[in-house]
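Enquirer: Let me give you the structure first, and then I'll get to my questions.
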Amino acid sequence: MSDNIYYNKGEKFYITTPIYYPSNKLHLGNCYTNVICDAIARFVRKQGKDVFYLTGTDEHGQKVSQAVANAGKTEMEYLDEIIEGYKKLWELLNISYDKFIRTTDDYHVVAVQKIFRELYDKGYIYKGEYKGLYCTPCESFWTESQLVDGKCPDCGRPVSVQSEEAYFFKLSAFTDKILKLYKDNPKFLQPEARVNEMVNNFLKPGLEDLCVSRTSVKWGVPVDFDPKHTVYVWIDALPNYITALGYKGEDDSLLQKYWPADVHMMGKEIVRFHAIIWPAILMALDLPLPKKVFGHGWLIFGGGKLSKSKADGIKDCIDPYILASNYSADAVRYVLLREIPFGSDGNYTNEILLNRFNSDLSNNYGNLVSRTFSMLKKYFGSIVPEVKNDDLEASKELKTVVLDETKKVFEYMKNYDVTKALASIFNIFSQANKYIEKTEPFSMAKDESKKQALANVMRNLLETIRIGSSLLQPFLPECAEKTLNALGITNDTYENILDFYALKAGEQISPLGILFPRLDIAVELEKLRK
Ligand code: MSP
């Protein structure tokens with residue numbers, strides 16, 4: 001039994017991304033939520049937990065009908081192609097989801113109908129007349145006071161007055177309950193600034209009942225007891241987090257096992273739906289609430305949120321397929337996780353990606369691994385040396401930094417702070433590079449009396465690379481796994497991560513090519529201009 005407090009074998013962990021709107025213009029910003037979730041899911045798996053990681057697509061609503069009409073295809077033909085594109089992108093970026101849900105999946109449609117009916121039977125849904133301001137691209141109704149300069153507060157596009165017979169969800173009955181939820185669970189919604197937004201903008205003024213059906217939208221889930229009504233797309237979408245686990249389906253064993261979710265991750269523009277409407281629906285259904293809702297920031301490009309419509313007009317390539325194919329999935333994942341401070345917005349340019357590639361991936365990590373491996377080959381025939389009487393001050397310092405930063409990584413990851421965790425991991429590599437400068441193994445190698453001291457230095461470097469790569473693996477799975485494999489490690493976990501000496505002396509390590517060949521930034525930037 002391990003006494004490592006960062007390893008909890010068997011504990012359940014359920015993490016979700018929002019389900020994505022169908023789009024054939026995927027840009028780098030679209031990848032952000034899934035890259036964060038993947039890093040967390042991989043990390044938590046290495047902590048021994050039993051993880052369920054859900055992603056998928058949100059395929060109903062007016063926008064799809066419009067796109068289909070323009071494309072001359074059936075809805076499903078149009079959607080199947082797009083969903084293939086998403087799946088390819090997630091594969092390219094090494095997104096290790098356990099399930100991909102589509103809101104057009106039969107089991108989901110049936111479950112949404114049953115949910116709608118239960119809410120109606122319990123009196124939480126009633127029939128009325130809706131007159132409101134609707135933003136078609138965002139599929140959201142807004143009140144007058146929520147508009148910004150008379151336009152949709154999310155996308156800035158015009159809204160139109162729409163009126164029709166509709167069903168309503170009694171959201172107004174939940175104002176105090178949601179306020180109490182935030183008060184009793186200060187960590188339910190994070191970062192904290194999002195709580196203030198929800199309280200000041202929506203809860204303090206008092207929640208209004210929510211229109212949850214449309215007669216004008218045909219592409220969606222029909223209300224089974226009143227089929228001229230289509231379920232409002234968010235009431236169809238939010239329950240994906242439970243229908244994917246079998247809620248109101250034939251087999252709900254996954255629901256029994258994994259619900260409530262440990263974390264729903266999403267961009268800040270859809271926190272309102274997840275931190276107000278979703279808990280209200282769950283309360284109405286008498287289901288437990290998710291443990292955490294996290295609203296991350298945006299990838300900013302040229303001064304604003306990178307969005308599908310905007311991505312079209314941008315001169316530099318921000319196509320994740322091209323960026324990942326040219327510079328590796330690891331490089332794309334790295335810049336997203338490292339450059340956008342977790343919870344805040346962050347600027348993206350291709351120059352930032354390329355500079356990070358050269359300075360952090362190539363110079364810091366890549367160079368550390370390649371110099372260590374080549375010195376080991378030269379001085380010890382690639383055999384892991386034994387440590388004896390290591391009394392170097394620099395070694396003590398290295399080990400302290402490695403273990404301190406390792407502990408910090410686990411502490412940061414308790415709050416899912418992927419950015420700070422990555423910074424700590426790279427501090428380990430920087431310290432190891434400094435250790436080489438300080439100890440000068442190349443000089444030691446010239447002096448036979450320093451053979452053991454040299455062995456100690458090489459062993460300390462190898463162990464540092466092992467620990468650093470083990471920590472890095474959830475974030476940059478490809479390069480870290482190559483390094484670990486070269487060290488003879490497969491199926492690595494965090495069970496023994498706090499043991500500094502875990503490699504076996506006398507083992508042969510395998511050769512490893514250059515992980516991140518240095519780039520000529522000017523040349524690459526030119527290639528990426530449209
Ligand atoms: N379909 C809804 C979610 C329903 S969940 C019940 C939706 N889809 S989306 O495709 O627009 O967004 C999917 C995720 O991508 C969201 O977390 C969103 O915040 C994220 N991003 C899309 N563009 C982004 C940036 N430019 N930057 C960071 N993330 C952004 O909303």
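Chain labels run A, B, ... following the order of the structure tokens; each chain numbers its residues from 1, and ligands are numbered from 1 in the order shown.
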May I have the residues within 7 Å of ligand 1, computed using only C-alpha atoms and all ligand atoms, as a CSV table (one decimal) with all heavy atoms, in the first residue's frame?

Expert:
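Saved file selection05.csv follows:
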```csv
chain,number,residue,atom,x,y,z
A,17,THR,N,-16.8,17.8,-21.0
A,17,THR,CA,-16.7,19.1,-21.7
A,17,THR,C,-18.1,19.4,-22.1
A,17,THR,O,-19.0,18.6,-22.1
A,17,THR,CB,-15.9,18.9,-23.1
A,17,THR,OG1,-16.7,18.1,-24.0
A,17,THR,CG2,-14.6,18.3,-22.8
A,18,PRO,N,-18.3,20.7,-22.5
A,18,PRO,CA,-19.7,20.9,-23.1
A,18,PRO,C,-19.7,20.1,-24.4
A,18,PRO,O,-18.7,19.7,-25.0
A,18,PRO,CB,-19.6,22.4,-23.5
A,18,PRO,CG,-18.4,23.0,-22.7
A,18,PRO,CD,-17.5,21.8,-22.6
A,19,ILE,N,-21.0,19.8,-24.9
A,19,ILE,CA,-21.1,19.2,-26.2
A,19,ILE,C,-21.0,20.3,-27.2
A,19,ILE,O,-21.6,21.4,-27.0
A,19,ILE,CB,-22.4,18.4,-26.3
A,19,ILE,CG1,-23.6,19.1,-25.7
A,19,ILE,CG2,-22.2,17.0,-25.6
A,19,ILE,CD1,-24.9,18.4,-25.9
A,20,TYR,N,-20.2,20.1,-28.2
A,20,TYR,CA,-19.9,21.1,-29.2
A,20,TYR,C,-21.0,21.3,-30.3
A,20,TYR,O,-21.6,20.4,-30.7
A,20,TYR,CB,-18.6,20.8,-29.9
A,20,TYR,CG,-17.4,21.0,-29.0
A,20,TYR,CD1,-17.1,20.1,-28.0
A,20,TYR,CD2,-16.5,22.0,-29.3
A,20,TYR,CE1,-16.0,20.3,-27.1
A,20,TYR,CE2,-15.4,22.2,-28.5
A,20,TYR,CZ,-15.1,21.3,-27.4
A,20,TYR,OH,-14.0,21.5,-26.6
A,21,TYR,N,-21.2,22.6,-30.6
A,21,TYR,CA,-22.0,22.8,-31.8
A,21,TYR,C,-21.4,22.3,-33.0
A,21,TYR,O,-20.2,22.4,-33.2
A,21,TYR,CB,-22.3,24.4,-32.0
A,21,TYR,CG,-23.1,25.0,-30.9
A,21,TYR,CD1,-22.7,26.1,-30.2
A,21,TYR,CD2,-24.4,24.4,-30.6
A,21,TYR,CE1,-23.5,26.7,-29.3
A,21,TYR,CE2,-25.2,25.0,-29.6
A,21,TYR,CZ,-24.8,26.2,-29.0
A,21,TYR,OH,-25.5,26.8,-28.0
A,22,PRO,N,-22.2,21.8,-33.9
A,22,PRO,CA,-21.6,21.3,-35.2
A,22,PRO,C,-21.0,22.5,-36.0
A,22,PRO,O,-21.7,23.5,-36.1
A,22,PRO,CB,-22.8,20.7,-36.0
A,22,PRO,CG,-24.0,21.0,-35.2
A,22,PRO,CD,-23.7,21.6,-33.9
A,29,GLY,N,-9.4,27.8,-30.8
A,29,GLY,CA,-10.2,28.1,-29.6
A,29,GLY,C,-11.1,26.9,-29.3
A,29,GLY,O,-11.4,26.6,-28.1
A,30,ASN,N,-11.7,26.3,-30.3
A,30,ASN,CA,-12.6,25.1,-30.1
A,30,ASN,C,-11.9,24.0,-29.3
A,30,ASN,O,-12.5,23.2,-28.7
A,30,ASN,CB,-13.1,24.5,-31.4
A,30,ASN,CG,-14.0,25.5,-32.1
A,30,ASN,OD1,-13.7,25.9,-33.3
A,30,ASN,ND2,-15.1,25.8,-31.5
A,31,CYS,N,-10.6,23.9,-29.5
A,31,CYS,CA,-9.8,22.8,-28.9
A,31,CYS,C,-9.6,23.0,-27.4
A,31,CYS,O,-9.3,22.0,-26.7
A,31,CYS,CB,-8.5,22.6,-29.6
A,31,CYS,SG,-8.6,22.5,-31.4
A,32,TYR,N,-9.7,24.2,-27.0
A,32,TYR,CA,-9.2,24.5,-25.6
A,32,TYR,C,-9.9,23.7,-24.5
A,32,TYR,O,-9.2,23.1,-23.7
A,32,TYR,CB,-9.4,26.0,-25.4
A,32,TYR,CG,-8.8,26.5,-24.1
A,32,TYR,CD1,-7.4,26.2,-23.8
A,32,TYR,CD2,-9.5,27.3,-23.2
A,32,TYR,CE1,-6.9,26.6,-22.6
A,32,TYR,CE2,-8.9,27.7,-22.0
A,32,TYR,CZ,-7.6,27.4,-21.7
A,32,TYR,OH,-7.0,27.8,-20.5
A,33,THR,N,-11.2,23.7,-24.5
A,33,THR,CA,-11.9,23.0,-23.4
A,33,THR,C,-11.5,21.5,-23.4
A,33,THR,O,-11.2,20.9,-22.3
A,33,THR,CB,-13.4,23.1,-23.5
A,33,THR,OG1,-13.8,24.4,-23.9
A,33,THR,CG2,-14.1,22.7,-22.2
A,57,THR,N,-21.4,16.2,-29.1
A,57,THR,CA,-21.9,17.3,-30.0
A,57,THR,C,-23.4,17.6,-29.7
A,57,THR,O,-24.2,16.7,-29.4
A,57,THR,CB,-21.7,16.9,-31.5
A,57,THR,OG1,-22.0,15.5,-31.7
A,57,THR,CG2,-20.3,17.2,-31.9
A,58,ASP,N,-23.7,18.8,-29.9
A,58,ASP,CA,-25.0,19.4,-29.6
A,58,ASP,C,-25.6,19.8,-30.9
A,58,ASP,O,-25.3,20.8,-31.5
A,58,ASP,CB,-24.6,20.7,-28.8
A,58,ASP,CG,-25.8,21.4,-28.3
A,58,ASP,OD1,-27.0,21.0,-28.5
A,58,ASP,OD2,-25.6,22.5,-27.6
A,234,TRP,N,-31.2,24.1,-25.1
A,234,TRP,CA,-30.4,23.9,-23.9
A,234,TRP,C,-30.9,22.9,-23.0
A,234,TRP,O,-30.2,22.2,-22.2
A,234,TRP,CB,-30.2,25.3,-23.2
A,234,TRP,CG,-29.0,26.0,-23.8
A,234,TRP,CD1,-29.1,27.0,-24.7
A,234,TRP,CD2,-27.6,25.9,-23.5
A,234,TRP,NE1,-27.8,27.5,-25.0
A,234,TRP,CE2,-26.9,26.8,-24.3
A,234,TRP,CE3,-26.9,25.0,-22.6
A,234,TRP,CZ2,-25.5,26.9,-24.2
A,234,TRP,CZ3,-25.5,25.1,-22.6
A,234,TRP,CH2,-24.8,26.1,-23.4
A,237,ALA,N,-29.7,19.9,-24.5
A,237,ALA,CA,-28.2,19.7,-24.4
A,237,ALA,C,-27.7,19.4,-23.0
A,237,ALA,O,-26.9,18.5,-22.8
A,237,ALA,CB,-27.6,21.0,-24.9
A,238,LEU,N,-28.2,20.2,-22.0
A,238,LEU,CA,-27.6,20.0,-20.6
A,238,LEU,C,-27.7,18.6,-20.1
A,238,LEU,O,-26.8,18.0,-19.5
A,238,LEU,CB,-28.2,21.0,-19.7
A,238,LEU,CG,-27.8,22.5,-19.9
A,238,LEU,CD1,-28.7,23.4,-19.2
A,238,LEU,CD2,-26.3,22.7,-19.4
A,240,ASN,N,-27.3,15.9,-21.4
A,240,ASN,CA,-26.4,14.9,-22.0
A,240,ASN,C,-25.4,14.4,-20.9
A,240,ASN,O,-25.0,13.2,-21.0
A,240,ASN,CB,-25.6,15.6,-23.1
A,240,ASN,CG,-24.3,16.2,-22.7
A,240,ASN,OD1,-23.3,15.6,-22.6
A,240,ASN,ND2,-24.3,17.5,-22.4
A,265,MET,N,-16.4,21.2,-17.2
A,265,MET,CA,-15.5,22.3,-17.6
A,265,MET,C,-16.2,23.0,-18.8
A,265,MET,O,-16.8,22.3,-19.6
A,265,MET,CB,-14.2,21.6,-18.0
A,265,MET,CG,-13.1,22.5,-18.4
A,265,MET,SD,-12.5,23.5,-17.0
A,265,MET,CE,-11.9,22.2,-15.9
A,266,MET,N,-16.0,24.3,-18.9
A,266,MET,CA,-16.6,25.0,-20.0
A,266,MET,C,-16.0,26.4,-20.1
A,266,MET,O,-15.4,26.9,-19.2
A,266,MET,CB,-18.1,25.2,-19.9
A,266,MET,CG,-18.5,26.2,-18.9
A,266,MET,SD,-19.8,25.7,-17.9
A,266,MET,CE,-19.3,24.2,-17.2
A,267,GLY,N,-16.2,27.1,-21.3
A,267,GLY,CA,-15.9,28.5,-21.4
A,267,GLY,C,-16.8,29.4,-20.6
A,267,GLY,O,-18.0,29.0,-20.4
A,268,LYS,N,-16.3,30.6,-20.3
A,268,LYS,CA,-17.1,31.4,-19.4
A,268,LYS,C,-18.4,31.9,-19.9
A,268,LYS,O,-19.4,32.2,-19.2
A,268,LYS,CB,-16.3,32.6,-18.9
A,268,LYS,CG,-15.8,33.5,-20.1
A,268,LYS,CD,-14.9,34.6,-19.6
A,268,LYS,CE,-14.4,35.4,-20.8
A,268,LYS,NZ,-13.5,36.5,-20.4
A,269,GLU,N,-18.6,31.9,-21.3
A,269,GLU,CA,-19.8,32.4,-21.8
A,269,GLU,C,-21.0,31.5,-21.6
A,269,GLU,O,-22.2,31.9,-21.8
A,269,GLU,CB,-19.6,32.7,-23.3
A,269,GLU,CG,-19.7,31.5,-24.3
A,269,GLU,CD,-18.4,30.7,-24.3
A,269,GLU,OE1,-17.5,30.9,-23.4
A,269,GLU,OE2,-18.3,29.7,-25.1
A,270,ILE,N,-20.7,30.2,-21.2
A,270,ILE,CA,-21.9,29.3,-21.0
A,270,ILE,C,-22.0,28.9,-19.5
A,270,ILE,O,-22.6,27.9,-19.2
A,270,ILE,CB,-21.9,28.1,-22.0
A,270,ILE,CG1,-20.5,27.4,-22.0
A,270,ILE,CG2,-22.2,28.6,-23.4
A,270,ILE,CD1,-20.5,26.1,-22.8
A,297,GLY,N,-11.3,30.7,-19.3
A,297,GLY,CA,-11.3,31.9,-20.1
A,297,GLY,C,-11.2,31.6,-21.6
A,297,GLY,O,-11.4,30.4,-22.0
A,298,TRP,N,-11.0,32.6,-22.4
A,298,TRP,CA,-11.0,32.4,-23.8
A,298,TRP,C,-9.6,32.6,-24.4
A,298,TRP,O,-8.7,33.3,-23.9
A,298,TRP,CB,-11.8,33.5,-24.5
A,298,TRP,CG,-13.3,33.4,-24.3
A,298,TRP,CD1,-14.0,32.3,-24.0
A,298,TRP,CD2,-14.2,34.5,-24.3
A,298,TRP,NE1,-15.3,32.5,-23.9
A,298,TRP,CE2,-15.5,33.9,-24.0
A,298,TRP,CE3,-14.1,35.8,-24.5
A,298,TRP,CZ2,-16.7,34.6,-24.0
A,298,TRP,CZ3,-15.3,36.6,-24.4
A,298,TRP,CH2,-16.5,36.0,-24.2
A,299,LEU,N,-9.5,31.9,-25.5
A,299,LEU,CA,-8.3,32.2,-26.4
A,299,LEU,C,-8.6,33.4,-27.2
A,299,LEU,O,-9.6,33.5,-27.9
A,299,LEU,CB,-8.2,31.0,-27.3
A,299,LEU,CG,-7.1,30.8,-28.2
A,299,LEU,CD1,-5.8,30.5,-27.4
A,299,LEU,CD2,-7.3,29.7,-29.2
A,300,ILE,N,-7.8,34.4,-26.9
A,300,ILE,CA,-8.0,35.7,-27.6
A,300,ILE,C,-7.1,35.8,-28.8
A,300,ILE,O,-5.9,35.5,-28.7
A,300,ILE,CB,-7.7,36.9,-26.6
A,300,ILE,CG1,-8.6,36.8,-25.3
A,300,ILE,CG2,-7.8,38.2,-27.2
A,300,ILE,CD1,-10.0,37.1,-25.5
A,305,LYS,N,-12.5,37.3,-28.6
A,305,LYS,CA,-12.6,35.9,-28.5
A,305,LYS,C,-12.5,35.3,-29.9
A,305,LYS,O,-13.2,35.8,-30.8
A,305,LYS,CB,-14.0,35.5,-27.9
A,305,LYS,CG,-14.2,34.0,-27.8
A,305,LYS,CD,-15.6,33.7,-27.3
A,305,LYS,CE,-15.9,32.2,-27.3
A,305,LYS,NZ,-17.1,31.8,-27.9
A,306,LEU,N,-11.7,34.3,-30.0
A,306,LEU,CA,-11.6,33.6,-31.3
A,306,LEU,C,-12.9,32.8,-31.5
A,306,LEU,O,-13.3,32.0,-30.7
A,306,LEU,CB,-10.4,32.6,-31.3
A,306,LEU,CG,-10.1,31.9,-32.6
A,306,LEU,CD1,-9.9,32.9,-33.8
A,306,LEU,CD2,-8.9,31.1,-32.4
A,307,SER,N,-13.7,33.2,-32.6
A,307,SER,CA,-14.9,32.5,-32.8
A,307,SER,C,-15.0,32.0,-34.3
A,307,SER,O,-14.1,32.4,-35.1
A,307,SER,CB,-16.1,33.4,-32.6
A,307,SER,OG,-16.1,34.4,-33.5
```

Enquirer: Using DSSP assignments from the backbone, pull out every residue in segment 322-522 of chain A that falls under strand (DSSP E or B) and give it to me as a ChimeraX atom specification.

Expert: /A:346-347,383,508

Enquirer: Write out as a list in words each polymer residue whose atoms come within 10 Å of Lys414 of chain A, counting only C-alpha atoms; drop sequence neighbours fewer than 4 positions from it.

Expert: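 Contacts, with the query itself left out: Tyr6, Ile40, Val44, Lys408, Val409, Phe410 and Val418 of chain A.
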
Enquirer: Write to file, as a PDB file, in the first residue's frame, the residues of the selection just made, with N, CA, C and O atoms.

Expert:
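Below is the file result.pdb, written as the result:
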```
ATOM      1  N   TYR A   6      -0.996  11.471  -2.995  1.00  0.00           N
ATOM      2  CA  TYR A   6      -1.482  11.929  -4.298  1.00  0.00           C
ATOM      3  C   TYR A   6      -1.996  10.764  -5.152  1.00  0.00           C
ATOM      4  O   TYR A   6      -2.297  10.927  -6.325  1.00  0.00           O
ATOM      5  N   ILE A  40      -6.468  16.874 -17.575  1.00  0.00           N
ATOM      6  CA  ILE A  40      -6.953  16.528 -16.229  1.00  0.00           C
ATOM      7  C   ILE A  40      -7.290  15.031 -16.161  1.00  0.00           C
ATOM      8  O   ILE A  40      -6.890  14.334 -15.225  1.00  0.00           O
ATOM      9  N   VAL A  44      -5.514  12.418 -13.635  1.00  0.00           N
ATOM     10  CA  VAL A  44      -6.272  11.743 -12.590  1.00  0.00           C
ATOM     11  C   VAL A  44      -6.214  10.217 -12.770  1.00  0.00           C
ATOM     12  O   VAL A  44      -6.148   9.463 -11.805  1.00  0.00           O
ATOM     13  N   LYS A 408       3.985  20.507  -5.704  1.00  0.00           N
ATOM     14  CA  LYS A 408       3.195  21.664  -6.168  1.00  0.00           C
ATOM     15  C   LYS A 408       2.291  21.272  -7.328  1.00  0.00           C
ATOM     16  O   LYS A 408       1.148  21.703  -7.399  1.00  0.00           O
ATOM     17  N   VAL A 409       2.820  20.445  -8.232  1.00  0.00           N
ATOM     18  CA  VAL A 409       2.007  20.013  -9.379  1.00  0.00           C
ATOM     19  C   VAL A 409       0.720  19.352  -8.867  1.00  0.00           C
ATOM     20  O   VAL A 409      -0.381  19.656  -9.324  1.00  0.00           O
ATOM     21  N   PHE A 410       0.858  18.474  -7.872  1.00  0.00           N
ATOM     22  CA  PHE A 410      -0.334  17.795  -7.348  1.00  0.00           C
ATOM     23  C   PHE A 410      -1.281  18.769  -6.663  1.00  0.00           C
ATOM     24  O   PHE A 410      -2.498  18.648  -6.786  1.00  0.00           O
ATOM     25  N   VAL A 418      -4.009  23.746 -14.652  1.00  0.00           N
ATOM     26  CA  VAL A 418      -3.074  23.129 -15.587  1.00  0.00           C
ATOM     27  C   VAL A 418      -1.907  24.061 -15.925  1.00  0.00           C
ATOM     28  O   VAL A 418      -0.780  23.600 -16.145  1.00  0.00           O
TER      29      VAL A 418
END
```

Enquirer: Check the smallest atom-to-atom distance from each of A:Tyr107, A:Phe188, A:Tyr86, A:Tyr321 to Thr243 of chain A using only C-alpha atoms, then report the winner.

Expert: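 Among A:Tyr107, A:Phe188, A:Tyr86, A:Tyr321, it is A:Tyr107 that comes nearest to Thr243 of chain A.
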
Enquirer: Can you pull out every residue within 8 Å of segment 223-231 of chain A, counting only C-alpha atoms, but drop anything in the same chain fewer than 3 positions away, and send it as number ranges by chain?

Expert: A: 113, 116-117, 166, 212-215, 217-220, 235-236

Enquirer: What does the file look like for those residues with C-alpha atoms, as an mmCIF file, in the first residue's frame?

Expert:
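Saved result, out14.cif, follows:
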```cif
data_model
loop_
_atom_site.group_PDB
_atom_site.id
_atom_site.type_symbol
_atom_site.label_atom_id
_atom_site.label_comp_id
_atom_site.auth_asym_id
_atom_site.auth_seq_id
_atom_site.Cartn_x
_atom_site.Cartn_y
_atom_site.Cartn_z
ATOM 1 C CA GLN A 113 -38.529 13.441 -23.674
ATOM 2 C CA PHE A 116 -39.389 16.969 -20.050
ATOM 3 C CA ARG A 117 -42.431 14.899 -19.111
ATOM 4 C CA ALA A 166 -44.557 27.768 -25.361
ATOM 5 C CA VAL A 212 -38.219 25.637 -22.845
ATOM 6 C CA SER A 213 -40.064 24.795 -26.038
ATOM 7 C CA ARG A 214 -40.404 26.294 -29.502
ATOM 8 C CA THR A 215 -43.008 25.704 -32.165
ATOM 9 C CA VAL A 217 -37.963 25.262 -34.561
ATOM 10 C CA LYS A 218 -38.425 21.876 -36.178
ATOM 11 C CA TRP A 219 -34.963 20.318 -35.925
ATOM 12 C CA GLY A 220 -34.956 19.099 -32.354
ATOM 13 C CA ILE A 235 -32.902 21.682 -22.180
ATOM 14 C CA ASP A 236 -31.989 19.071 -24.766
#
```
